[in-house]
Structure formats: C-alpha cells, structure tokens
>>> print(open('model29.txt').read())   # compact mmCIF, C-alpha atoms
# COMPACT_ATOMS: atom_id res chain seq x y z
CA MET A 697 133.76 121.15 137.22
CA ASP A 698 133.37 120.38 133.57
CA GLU A 699 130.76 122.31 131.68
CA THR A 700 127.59 120.50 130.69
CA ILE A 701 124.58 120.96 128.43
CA VAL A 702 121.12 119.69 129.30
CA HIS A 703 119.58 117.31 126.79
CA ALA A 704 115.85 116.63 127.01
CA TYR A 705 114.59 113.31 125.64
CA GLY A 706 110.92 113.69 126.25
CA VAL A 707 108.14 114.90 128.48
CA VAL A 708 106.00 112.85 130.87
CA ASP A 709 103.36 113.71 133.43
CA GLY A 710 104.50 115.58 136.50
CA ASN A 711 105.27 113.51 139.57
CA GLU A 712 106.04 110.52 137.39
CA PRO A 713 108.34 108.45 139.58
CA LEU A 714 110.14 106.87 136.67
CA THR A 715 113.63 105.53 137.36
CA GLY A 716 115.91 102.85 136.02
CA PHE A 717 116.54 104.39 132.60
CA PRO A 718 119.12 102.92 130.26
CA PRO A 719 122.21 105.10 129.75
CA GLY A 720 121.56 108.31 127.84
CA ILE A 721 123.60 109.97 125.12
CA ALA A 722 127.31 109.64 125.84
CA ASP A 723 126.39 107.07 128.50
CA THR A 724 125.15 109.80 130.81
CA HIS A 725 122.80 109.31 133.73
CA VAL A 726 119.15 109.91 132.83
CA TRP A 727 116.53 111.13 135.26
CA VAL A 728 113.14 112.84 135.36
CA PHE A 729 113.40 116.50 136.23
CA ASP A 730 110.29 118.00 137.76
CA ALA A 731 109.65 121.00 135.55
CA GLU A 732 106.58 123.16 135.97
CA GLY A 733 104.15 120.32 136.49
CA PHE A 734 105.75 118.14 133.83
CA GLY A 735 108.46 115.58 134.08
CA ALA A 736 111.28 116.26 131.67
CA ILE A 737 113.46 113.25 130.91
CA VAL A 738 116.96 114.70 130.86
CA SER A 739 120.65 114.04 131.13
CA ARG A 740 123.68 116.32 131.26
CA LEU A 741 125.97 116.02 128.26
CA PRO A 742 129.57 117.15 128.39
CA ALA A 743 129.77 120.49 126.58
CA GLU A 744 133.02 119.26 125.19
CA GLY A 745 131.95 116.84 122.49
CA PHE A 746 128.28 117.82 122.44
CA GLY A 747 128.39 121.56 121.88
CA ILE A 748 126.71 123.21 118.94
CA GLN A 749 129.77 122.86 116.75
CA ASP A 750 130.01 119.16 117.54
CA TRP A 751 126.46 118.55 116.41
CA GLU A 752 127.04 120.57 113.29
CA GLN A 753 130.28 118.81 112.48
CA ASN A 754 128.78 115.39 113.00
CA ALA A 755 125.50 116.09 111.27
CA SER A 756 126.38 113.83 108.37
CA ASN A 757 128.53 111.42 110.33
CA VAL A 758 126.31 108.39 110.40
CA SER A 759 128.24 106.49 113.00
CA TRP A 760 128.23 109.42 115.46
CA LEU A 761 124.65 110.35 114.74
CA GLY A 762 123.52 106.74 114.75
CA ARG A 763 124.95 106.11 118.20
CA VAL A 764 123.42 109.30 119.59
CA ALA A 765 120.07 108.60 117.95
CA ARG A 766 119.95 105.10 119.40
CA GLN A 767 120.70 106.25 122.90
CA HIS A 768 118.08 108.99 122.62
CA HIS A 769 115.62 106.40 121.38
CA GLU A 770 116.42 103.74 123.98
CA VAL A 771 115.64 106.19 126.77
CA LEU A 772 112.30 107.03 125.18
CA GLN A 773 111.57 103.39 124.49
CA TYR A 774 112.05 102.58 128.14
CA ALA A 775 109.83 105.49 129.14
CA CYS A 776 107.03 104.66 126.72
CA MET A 777 106.75 101.12 128.02
CA ASN A 778 106.05 102.57 131.45
CA THR A 779 104.08 105.78 130.95
CA ALA A 780 102.81 108.27 128.39
CA VAL A 781 105.75 110.15 126.90
CA ILE A 782 106.04 112.90 124.32
CA PRO A 783 109.28 112.26 122.44
CA MET A 784 111.39 115.29 121.68
CA ARG A 785 113.11 115.55 118.36
CA LEU A 786 116.86 115.15 118.43
CA PRO A 787 118.70 117.26 119.48
CA SER A 788 116.95 119.14 122.23
CA LEU A 789 119.57 121.12 124.12
CA TYR A 790 119.31 123.63 126.93
CA ARG A 791 121.88 125.65 128.80
CA SER A 792 120.29 124.86 132.11
CA LEU A 793 117.46 122.98 133.77
CA GLU A 794 115.88 126.35 134.57
CA SER A 795 115.68 127.35 130.94
CA LEU A 796 114.17 123.98 130.11
CA ALA A 797 111.54 124.48 132.81
CA ASP A 798 110.73 127.93 131.40
CA THR A 799 110.33 126.45 127.96
CA LEU A 800 108.01 123.72 129.13
CA HIS A 801 106.01 126.22 131.13
CA ALA A 802 105.46 128.35 128.04
CA ALA A 803 104.23 125.29 126.19
CA SER A 804 102.23 123.70 128.95
CA ASP A 805 98.78 123.78 127.34
CA ARG A 806 100.05 122.04 124.29
CA LEU A 807 102.01 119.47 126.23
CA MET A 808 99.07 118.67 128.47
CA GLN A 809 96.87 118.19 125.45
CA ASP A 810 99.37 115.93 123.70
CA LEU A 811 99.96 113.81 126.78
CA GLY A 812 96.23 113.27 127.08
CA ARG A 813 95.96 112.38 123.43
CA ILE A 814 98.62 109.68 123.46
CA ARG A 815 98.00 108.24 126.93
CA GLY A 816 97.41 104.49 126.73
CA LYS A 817 98.50 104.34 123.10
CA LEU A 818 101.70 103.48 121.29
CA GLU A 819 102.94 103.58 117.76
CA TRP A 820 103.30 100.58 115.46
CA ALA A 821 105.21 100.55 112.22
CA VAL A 822 104.00 98.52 109.27
CA LYS A 823 105.99 98.36 106.09
CA VAL A 824 105.02 96.69 102.88
CA TYR A 825 107.67 95.70 100.36
CA ARG A 826 107.29 94.43 96.88
CA THR A 827 108.59 90.88 96.67
CA PRO A 828 111.02 90.45 93.82
CA LYS A 829 109.77 86.90 93.50
CA GLU A 830 109.55 86.54 89.74
CA GLU A 831 112.95 88.01 89.45
CA ARG A 832 114.47 85.45 91.74
CA ALA A 833 112.73 82.61 89.98
CA ALA A 834 113.88 83.81 86.60
CA ALA A 835 117.42 84.10 87.80
CA ALA A 836 117.48 80.66 89.35
CA GLU A 837 115.80 78.66 86.61
CA GLY A 838 117.63 77.60 83.55
CA SER A 839 119.72 80.66 82.96
CA THR A 840 122.76 78.98 81.55
CA SER A 841 124.25 82.14 80.17
CA GLY A 842 124.41 85.71 81.27
CA SER A 843 122.23 86.84 78.41
CA GLU A 844 119.47 84.36 79.25
CA TYR A 845 119.59 85.52 82.81
CA LEU A 846 119.21 89.13 81.81
CA LEU A 847 116.47 88.37 79.34
CA GLY A 848 114.47 86.49 81.97
CA ARG A 849 114.99 89.28 84.39
CA SER A 850 113.87 91.84 81.88
CA ARG A 851 110.65 89.86 81.21
CA ALA A 852 109.94 89.64 84.88
CA LEU A 853 110.37 93.39 85.16
CA SER A 854 107.80 94.05 82.43
CA ALA A 855 105.25 91.80 84.10
CA ARG A 856 105.76 93.60 87.36
CA SER A 857 105.33 96.99 85.81
CA ALA A 858 101.86 95.89 84.62
CA ASP A 859 100.96 94.98 88.18
CA ARG A 860 102.17 98.23 89.61
CA GLU A 861 98.84 100.01 89.66
CA GLN A 862 97.12 97.05 91.24
CA LEU A 863 99.77 96.90 93.93
CA ARG A 864 99.39 100.59 94.67
CA GLU A 865 95.69 100.16 95.27
CA ARG A 866 96.21 97.14 97.44
CA VAL A 867 98.74 98.98 99.57
CA GLY A 868 96.27 101.83 100.07
CA GLU A 869 93.68 99.31 101.22
CA ILE A 870 96.09 97.75 103.67
CA HIS A 871 96.88 101.16 105.12
CA ASP A 872 93.22 102.04 105.57
CA THR A 873 92.32 98.66 107.00
CA LEU A 874 94.97 99.07 109.67
CA GLY A 875 93.83 102.64 110.18
CA GLU A 876 90.41 101.42 111.22
CA VAL A 877 91.91 99.80 114.29
CA SER A 878 94.07 102.82 115.03
CA VAL A 879 93.33 106.10 116.75
CA GLU A 880 95.43 108.00 114.24
CA TYR A 881 97.52 106.82 111.35
CA VAL A 882 99.93 108.30 108.91
CA ARG A 883 101.63 107.23 105.75
CA ASN A 884 105.25 108.30 105.54
CA GLN A 885 107.40 108.55 102.47
CA PRO A 886 108.80 105.07 101.79
CA GLN A 887 112.40 104.81 102.84
CA ASP A 888 114.75 104.72 99.90
CA ALA A 889 116.92 101.68 99.46
CA ALA A 890 120.01 103.44 100.79
CA LEU A 891 118.25 104.10 104.06
CA SER A 892 116.31 100.86 104.42
CA GLY A 893 119.31 98.85 103.34
CA ARG A 894 117.01 96.52 101.46
CA ARG A 895 116.82 95.69 97.85
CA GLU A 896 113.04 95.24 97.84
CA GLN A 897 111.12 98.36 96.99
CA MET A 898 109.19 99.77 99.93
CA LEU A 899 105.59 100.44 99.00
CA LEU A 900 104.19 101.44 102.36
CA ASN A 901 105.86 103.04 105.34
CA GLY A 902 102.93 103.41 107.72
CA ALA A 903 102.73 104.45 111.37
CA TYR A 904 99.69 103.65 113.48
CA LEU A 905 98.79 104.99 116.89
CA VAL A 906 97.08 102.07 118.56
CA ASN A 907 95.40 101.75 121.92
CA ARG A 908 97.32 99.24 123.96
CA VAL A 909 94.14 97.26 124.52
CA ASP A 910 93.63 97.05 120.76
CA GLU A 911 97.11 95.75 120.03
CA PRO A 912 96.09 92.08 119.75
CA HIS A 913 93.41 93.01 117.25
CA PHE A 914 95.78 95.20 115.29
CA LEU A 915 98.40 92.47 115.10
CA GLU A 916 95.84 89.91 114.14
CA LEU A 917 94.86 92.11 111.24
CA VAL A 918 98.47 92.50 110.18
CA SER A 919 98.82 88.75 110.31
CA GLU A 920 95.72 88.21 108.17
CA ILE A 921 96.96 90.68 105.61
CA ALA A 922 100.32 88.99 105.57
CA ASP A 923 98.77 85.57 105.01
CA GLY A 924 97.52 86.50 101.60
CA SER A 925 100.30 88.87 100.76
CA LEU A 926 102.86 86.70 99.02
CA ALA A 927 100.34 85.79 96.35
CA GLU A 928 99.82 89.51 95.90
CA GLY A 929 103.53 90.03 95.41
CA VAL A 930 104.14 91.90 98.62
CA MET A 931 105.76 91.27 101.95
CA VAL A 932 104.56 92.74 105.23
CA GLU A 933 106.76 93.77 108.12
CA VAL A 934 105.53 94.97 111.47
CA ASN A 935 107.51 96.35 114.36
CA GLY A 936 106.79 98.08 117.57
CA PRO A 937 105.60 99.30 119.87
CA TRP A 938 107.39 102.62 119.51
CA PRO A 939 107.00 105.86 121.42
CA ALA A 940 104.44 108.00 119.59
CA TYR A 941 107.07 109.77 117.47
CA ASN A 942 104.78 110.15 114.50
CA PHE A 943 101.88 111.56 116.48
CA THR A 944 103.49 114.28 118.50
CA GLY A 945 105.26 116.05 115.68
CA ASP A 946 104.10 119.03 113.71
CA ALA A 947 100.79 119.31 115.51
CA GLY A 948 102.65 119.58 118.77
CA SER A 949 105.52 121.73 117.62
CA ILE A 950 106.06 124.78 119.66
CA ALA A 951 107.11 128.04 118.12
CA ALA A 952 110.47 129.51 118.91
CA GLU A 953 109.03 132.83 119.99
CA ALA A 954 107.50 131.13 123.00
CA VAL A 955 110.78 131.59 124.76
CA ARG A 956 112.94 134.65 125.00
CA MET B 590 112.36 85.87 104.17
CA SER B 591 109.46 84.34 105.95
CA SER B 592 109.53 80.66 106.60
CA ASP B 593 105.82 79.95 106.75
CA GLY B 594 104.88 80.77 103.20
CA SER B 595 103.15 83.99 104.13
CA GLY B 596 104.57 87.36 103.31
CA LEU B 597 105.02 88.35 106.90
CA GLN B 598 108.53 89.21 107.87
CA ARG B 599 109.25 87.43 111.10
CA MET B 600 110.89 89.34 113.86
CA PRO B 601 112.54 88.20 117.05
CA ALA B 602 109.95 86.94 119.47
CA GLY B 603 109.42 87.83 123.07
CA ARG B 604 107.19 87.69 126.06
CA GLY B 605 104.71 85.09 124.82
CA THR B 606 103.30 87.25 122.05
CA PRO B 607 102.92 85.79 118.55
CA ASP B 608 106.37 85.14 117.17
CA TYR B 609 106.13 87.70 114.39
CA VAL B 610 105.75 90.49 116.87
CA PRO B 611 108.71 91.93 118.69
CA THR B 612 107.82 93.52 121.98
CA HIS B 613 110.50 96.10 121.39
CA PRO B 614 111.59 97.64 118.12
CA ARG B 615 114.77 95.97 117.04
CA SER B 616 117.57 98.17 118.12
CA ASP B 617 119.42 97.43 114.91
CA SER B 618 116.81 99.06 112.70
CA LEU B 619 118.91 102.19 112.51
CA ALA B 620 116.96 103.55 109.57
CA ASP B 621 113.73 103.44 111.55
CA VAL B 622 115.34 105.05 114.55
CA LEU B 623 116.96 107.84 112.57
CA GLU B 624 113.82 108.49 110.61
CA ARG B 625 111.95 109.00 113.85
CA VAL B 626 114.30 110.82 116.13
CA LEU B 627 115.59 113.25 113.52
CA ASP B 628 112.34 114.01 111.81
CA LYS B 629 109.54 113.23 114.26
CA GLY B 630 108.68 114.05 117.79
CA ILE B 631 107.93 117.36 119.35
CA VAL B 632 110.08 120.40 118.63
CA ILE B 633 110.42 122.74 121.52
CA ALA B 634 112.72 125.58 120.80
CA GLY B 635 115.32 125.69 123.52
CA ASP B 636 117.84 128.35 124.20
CA ILE B 637 120.32 126.44 122.13
CA GLN B 638 118.89 126.08 118.69
CA ILE B 639 120.21 123.49 116.34
CA ARG B 640 118.22 122.48 113.35
CA LEU B 641 120.18 119.35 112.85
CA LEU B 642 118.13 118.12 109.97
CA ASP B 643 118.64 121.25 107.89
CA ILE B 644 122.32 121.46 108.59
CA GLU B 645 122.69 117.85 107.77
CA LEU B 646 120.89 118.15 104.49
CA LEU B 647 123.16 120.97 103.47
CA THR B 648 126.24 118.97 104.16
CA ILE B 649 125.22 115.45 103.35
CA LYS B 650 127.70 113.66 101.21
CA LEU B 651 127.06 110.16 102.30
CA ARG B 652 125.17 107.50 100.46
CA LEU B 653 123.18 106.79 103.56
CA LEU B 654 120.39 109.27 103.61
CA VAL B 655 119.67 110.27 107.16
CA ALA B 656 116.49 112.18 106.63
CA SER B 657 113.03 111.80 105.34
CA VAL B 658 112.91 111.72 101.61
CA ASP B 659 110.37 114.53 101.52
CA ARG B 660 112.60 116.97 103.29
CA ALA B 661 115.50 116.07 101.10
CA ARG B 662 113.45 116.73 97.99
CA GLU B 663 112.47 120.12 99.31
CA MET B 664 116.15 120.85 99.65
CA GLY B 665 116.75 119.68 96.11
CA ILE B 666 118.64 116.59 97.14
CA ASN B 667 117.38 113.73 95.04
CA TRP B 668 120.37 111.77 93.91
CA TRP B 669 118.64 108.48 94.54
CA GLU B 670 116.06 109.24 91.91
CA ASN B 671 118.81 108.85 89.36
CA ASP B 672 120.58 106.06 91.14
CA GLU B 673 120.71 102.93 89.00
CA TYR B 674 120.60 100.55 91.88
CA ILE B 675 117.37 102.04 93.13
CA THR B 676 115.65 102.83 89.89
CA GLN B 677 116.67 99.95 87.66
CA LEU B 678 113.79 97.83 88.83
CA GLU B 679 111.35 100.60 88.19
CA ASP B 680 111.98 102.57 85.08
CA GLU B 681 111.81 102.12 81.38
CA ALA B 682 115.36 103.36 81.48
CA GLY B 683 116.14 100.25 83.46
CA LYS B 684 115.26 98.10 80.51
CA ASP B 685 117.61 100.05 78.29
CA GLN B 686 120.35 99.52 80.79
CA LEU B 687 119.62 95.83 80.79
CA GLY B 688 119.78 95.77 77.02
CA ASP B 689 123.10 97.50 77.14
CA LEU B 690 124.43 95.19 79.83
CA ASN B 691 123.18 92.27 77.83
CA ARG B 692 125.17 93.34 74.78
CA ARG B 693 128.29 93.93 76.81
CA LEU B 694 127.94 90.59 78.51
CA GLU B 695 127.57 88.78 75.23
CA ALA B 696 130.66 90.45 73.90
CA LEU B 697 132.54 89.43 77.02
CA GLU B 698 131.29 85.89 76.77
CA GLY B 699 132.54 85.76 73.21
CA ARG B 700 135.99 86.81 74.35
CA VAL B 701 136.03 84.42 77.26
CA ALA B 702 135.13 81.53 74.99
CA GLU B 703 138.10 82.41 72.76
CA SER B 704 140.58 82.46 75.60
CA PRO B 705 140.54 79.38 77.84
CA GLN B 706 143.12 80.87 80.19
CA VAL B 707 140.54 83.29 81.60
CA GLU B 708 138.08 80.53 82.46
CA SER B 709 138.39 81.34 86.14
CA THR B 710 137.16 84.85 85.49
CA ARG B 711 134.02 83.46 84.00
CA VAL B 712 133.37 81.17 86.92
CA GLY B 713 133.83 84.10 89.23
CA ARG B 714 131.32 86.17 87.35
CA GLU B 715 128.67 83.46 87.31
CA GLY B 716 129.15 82.93 91.00
CA GLY B 717 128.49 86.58 91.60
CA ARG B 718 125.42 86.47 89.40
CA ARG B 719 123.82 83.66 91.32
CA GLY B 720 124.49 85.39 94.57
CA GLN B 721 122.70 88.45 93.31
CA GLY B 722 119.62 86.58 92.18
>>> encode(input="model29.txt", output="structure tokens")
Amino acid sequence: MDETIVHAYGVVDGNEPLTGFPPGIADTHVWVFDAEGFGAIVSRLPAEGFGIQDWEQNASNVSWLGRVARQHHEVLQYACMNTAVIPMRLPSLYRSLESLADTLHAASDRLMQDLGRIRGKLEWAVKVYRTPKEERAAAAEGSTSGSEYLLGRSRALSARSADREQLRERVGEIHDTLGEVSVEYVRNQPQDAALSGRREQMLLNGAYLVNRVDEPHFLELVSEIADGSLAEGVMVEVNGPWPAYNFTGDAGSIAAEAVR
Amino acid sequence: MSSDGSGLQRMPAGRGTPDYVPTHPRSDSLADVLERVLDKGIVIAGDIQIRLLDIELLTIKLRLLVASVDRAREMGINWWENDEYITQLEDEAGKDQLGDLNRRLEALEGRVAESPQVESTRVGREGGRRGQG
C-alpha cells in the first residue's frame, strides 16, 4: 500500500453527519473523522507528492499552491454552508488519524469555544477600490498627442492626491458602518496590485463576521454604500459568504507544545 | 465595471438573492483564497510541522505575492513599494516619472514626424495608449 499523510481541512462538531464533500487536495476523498468529540474534516494525501519536501519545494509555485489552496478552500466552503466549521490553515498535516485526534483533544477547550463563537455566522468580504475615473476621462477626451495625454493624466493625479485624506476617512466610516451589523470585523492589509490583479488601488480589505439572519441587512447596507460611492470616487465589491477564516485565526491558534 | 451607475461591483448571481451578491465566493478569486488559507484559519501544530508561509517568504521570487503584505514587510520583502506600476499613481515620484516619459515621448514624436516610413509604429503606440486608458 502506498504511504499517505493525513490532511485536516477543518473542525466541526462531533457527530456531524456531513457527507458529499467535493474532492479534496489531489482529488482525494474527504470525510469527517470522529476525533475526541470533534469532527475533523480530513483526507489522505499521497506521501509521494505531498511530503514535507514537496510543500517546501512548491511553496512559491503559484500554480501548485493555487490548486491546493482552492481544493482546501472548496472543502471548507461546502462544510460552512452546512454547519459551523473552524477552518485550519494550510497545510495541516498529520502522520496518522490517531495523532490528529490527540492534537484535537489537547486543544478541545479552545475548539469548543471557537465553534460556539462562530456558530450561525459566516464571513463576508468587502473591498473598496479607488476608481481611476478622472484618469480614464482625461485619457479618452481630446488627447491628440502623447504629451497631452500624459499632461491630462498628471493633472488628474494631482487632483486625486488632494482627495486622498477625504477618501481615507470615508473608507474608515464604511468599515465601521458595516461593523455595526457584524459580530466581529477586521480590516486586513489591502492586497497589493500584484495579488489582486487589479489596477485600481485597494483602499479597504475588510472581513465581517455576520449572523446568517443579519445577512440581508448587511447586504442592504453594502448596497446603500455602493449607491453613493461612484460620486465619492470609490467602488465597492462584496463577496461571500466565506468560512470564518478571519475569525478563527490568532485568537484560536494552538501552541505547538500542546502536543508531544 | 458596474452597469447601473453605482460603484458596486456586480458579481455572478444565484439563488434568488440580489444580483450583486454571489451565494458562493467566486472560485476564481485566487488572491482571496490564498490570502485566507495561507494566512488565516486556526493553526494546530501537528506532528508534521510546516510553516509554509515562512518558507515561502524566504524563497519567493515571483511577482505574484502569495502572502499578506504585513508578513512580507516583517520579513523585509517590500519590492512592490518601489514598483512603478503600483506606486506611479500614488507618489510624487510618479509625477517625475511622468515628466520624464513626457519628454521622451515628445522626442520620439519628433523623430516619427521626420520619418514617414515608421508611421505604423506610431499607430501601434497610440493604439496601446488608448487600451491602457
């Protein structure tokens, strides 16, 4: 038999009869393993191709990592639409199901607490970008030569720089307004253009833990904000719901010394 | 861009919810996925320990930054802060670059005007310019 490594995607309540997962990493079969009162969402990865050295070698290989990250995420996405799930950070590898169970046992208080905290809630992402509106207008209108184009663009840039402070305040307001409808909320570092793949500057990269019953209200608010946003020079993007990645992180991290 | 005049980015619709709300994060938002699964979520130390993020930051050579910007800064990786593409819209330095580009462009235009046989080059450049705007 080929050697395997256990990968854990996340943790759910014990006795959670969740089935029908999408394929896991490397298209492996995903199931819920009953571990010390918790359900661990797991699959067995081939040790060949997913051993420590493979992860290390592929750590900056975006196509490898991207595929693995998506499969990890899709499993959690499926789970979160059906029950409360604590996502585990990628990668989360164990030599055996027994050692995973031991680990979860050592962390059980924390896990129980986190599961209770996120039950009935999911994460929404709201991003605000600066609209390069003036720039586009300047480029389109009457620039018959390259120098006129650049001059217009340069003027537009100066005007925008004057608005910068105002925009910053507005973005803070947006974040807090959305926070009022959320149980917890966090402002992440804006993604840089290389990561977001967008030319527009990201001003807000917010994550909001929202009660499922409050989702309509939350989205209504986003919509209202968006209605006035173009005049303010920004563009609002919402997506979700996500597993509560942003709300089970550092607070729920479990120290290495807990196990062996 | 949005089609309704508001600044809301419309996303694929689903399940009878308002059409700007996807019921599932778009699976093609790789940046969002990577940002979350590599840098968020619970860390439970297993018996096989791989701090992927750290290893990755030590070896990253790619233009695509697969990590939170904060972590990268802690590690002293900040190439994008000096990247023209990213900073040109922001900095005073950007204006200088524009001035410089402007001068170079004018010089090129002068040359193009003097040599009709390179007319096609000029057309090509203007096409590219419009596309960018």
>>> closest_residue(input="model29.txt", among="A:Pro787, A:Gly875, A:Pro713, A:Gly812", to="chain B", atoms="all atoms listed in the file")
A:Pro787
>>> residues_near_point(input="model29.txt", point="(99.2, 96.0, 115.1)", cutoff="12 Å", atoms="all atoms listed in the file", output="PyMOL selection string")
(chain A and resi 817-823+870-871+873-879+881+902-922+932-938) or (chain B and resi 606-607+609-612)
>>> atom_distance(input="model29.txt", atom1="CA of Gly733 in chain A", atom2="CA of Gly710 in chain A")
4.8 Å
>>> atom_distance(input="model29.txt", atom1="CA of Glu865 in chain A", atom2="CA of Ala620 in chain B")
25.9 Å
>>> residues_around(input="model29.txt", residues="Gly716 in chain A", least_positions_apart="5", cutoff="12 Å", atoms="all atoms listed in the file", output="ChimeraX atom specification")
/A:725-728,737,771,774-775,778
>>> residues_around(input="model29.txt", residues="Leu899 in chain A", least_positions_apart="2", cutoff="10 Å", atoms="all atoms listed in the file", output="list in words")
Lys823, Val824, Tyr825, Arg826, Leu863, Arg864, Val867, Gly868, Gln885, Pro886, Gln887, Glu896, Gln897, Asn901, Gly902, Val930, Met931 and Val932 of chain A
>>> build_atoms(input="model29.txt", residues="range 904-936 of chain A", atoms="N, CA and C atoms", output="compact mmCIF listing (two decimals), keeping the file's coordinate frame")
# COMPACT_ATOMS: atom_id res chain seq x y z
N TYR A 904 101.04 103.78 112.96
CA TYR A 904 99.69 103.65 113.48
C TYR A 904 99.71 103.85 114.99
N LEU A 905 98.90 104.78 115.45
CA LEU A 905 98.79 104.99 116.89
C LEU A 905 97.66 104.11 117.39
N VAL A 906 98.04 103.11 118.19
CA VAL A 906 97.08 102.07 118.56
C VAL A 906 96.92 102.03 120.08
N ASN A 907 95.66 101.95 120.51
CA ASN A 907 95.40 101.75 121.92
C ASN A 907 96.03 100.44 122.35
N ARG A 908 96.66 100.46 123.52
CA ARG A 908 97.32 99.24 123.96
C ARG A 908 96.35 98.07 124.06
N VAL A 909 95.12 98.36 124.43
CA VAL A 909 94.14 97.26 124.52
C VAL A 909 93.76 96.72 123.14
N ASP A 910 93.97 97.50 122.11
CA ASP A 910 93.63 97.05 120.76
C ASP A 910 94.80 96.38 120.03
N GLU A 911 95.93 96.31 120.70
CA GLU A 911 97.11 95.75 120.03
C GLU A 911 96.90 94.33 119.49
N PRO A 912 96.29 93.44 120.29
CA PRO A 912 96.09 92.08 119.75
C PRO A 912 95.27 92.10 118.46
N HIS A 913 94.24 92.91 118.45
CA HIS A 913 93.41 93.01 117.25
C HIS A 913 94.20 93.56 116.07
N PHE A 914 94.96 94.59 116.34
CA PHE A 914 95.78 95.20 115.29
C PHE A 914 96.75 94.18 114.69
N LEU A 915 97.40 93.43 115.58
CA LEU A 915 98.40 92.47 115.10
C LEU A 915 97.76 91.29 114.38
N GLU A 916 96.58 90.96 114.83
CA GLU A 916 95.84 89.91 114.14
C GLU A 916 95.55 90.33 112.70
N LEU A 917 95.13 91.58 112.57
CA LEU A 917 94.86 92.11 111.24
C LEU A 917 96.11 92.08 110.36
N VAL A 918 97.21 92.51 110.93
CA VAL A 918 98.47 92.50 110.18
C VAL A 918 98.75 91.08 109.71
N SER A 919 98.54 90.14 110.62
CA SER A 919 98.82 88.75 110.31
C SER A 919 97.92 88.25 109.18
N GLU A 920 96.64 88.61 109.24
CA GLU A 920 95.72 88.21 108.17
C GLU A 920 96.15 88.77 106.82
N ILE A 921 96.51 90.04 106.85
CA ILE A 921 96.96 90.68 105.61
C ILE A 921 98.18 89.97 105.07
N ALA A 922 99.08 89.63 105.98
CA ALA A 922 100.32 88.99 105.57
C ALA A 922 100.07 87.61 104.98
N ASP A 923 99.06 86.92 105.49
CA ASP A 923 98.77 85.57 105.01
C ASP A 923 98.52 85.53 103.51
N GLY A 924 97.81 86.52 103.02
CA GLY A 924 97.52 86.50 101.60
C GLY A 924 98.51 87.30 100.78
N SER A 925 99.52 87.83 101.44
CA SER A 925 100.30 88.87 100.76
C SER A 925 101.30 88.34 99.74
N LEU A 926 101.85 87.16 99.96
CA LEU A 926 102.86 86.70 99.02
C LEU A 926 102.26 86.49 97.63
N ALA A 927 101.02 85.98 97.63
CA ALA A 927 100.34 85.79 96.35
C ALA A 927 100.12 87.13 95.66
N GLU A 928 100.03 88.18 96.46
CA GLU A 928 99.82 89.51 95.90
C GLU A 928 101.14 90.19 95.53
N GLY A 929 102.23 89.49 95.78
CA GLY A 929 103.53 90.03 95.41
C GLY A 929 104.10 91.02 96.40
N VAL A 930 103.58 91.00 97.63
CA VAL A 930 104.14 91.90 98.62
C VAL A 930 104.53 91.15 99.90
N MET A 931 105.26 91.85 100.72
CA MET A 931 105.76 91.27 101.95
C MET A 931 105.48 92.29 103.05
N VAL A 932 104.97 91.82 104.17
CA VAL A 932 104.56 92.74 105.23
C VAL A 932 105.51 92.63 106.41
N GLU A 933 105.87 93.77 106.96
CA GLU A 933 106.76 93.77 108.12
C GLU A 933 106.15 94.67 109.18
N VAL A 934 106.09 94.16 110.40
CA VAL A 934 105.53 94.97 111.47
C VAL A 934 106.57 95.09 112.56
N ASN A 935 106.72 96.28 113.14
CA ASN A 935 107.51 96.35 114.36
C ASN A 935 107.01 97.44 115.30
N GLY A 936 107.29 97.21 116.54
CA GLY A 936 106.79 98.08 117.57
C GLY A 936 106.67 97.33 118.87
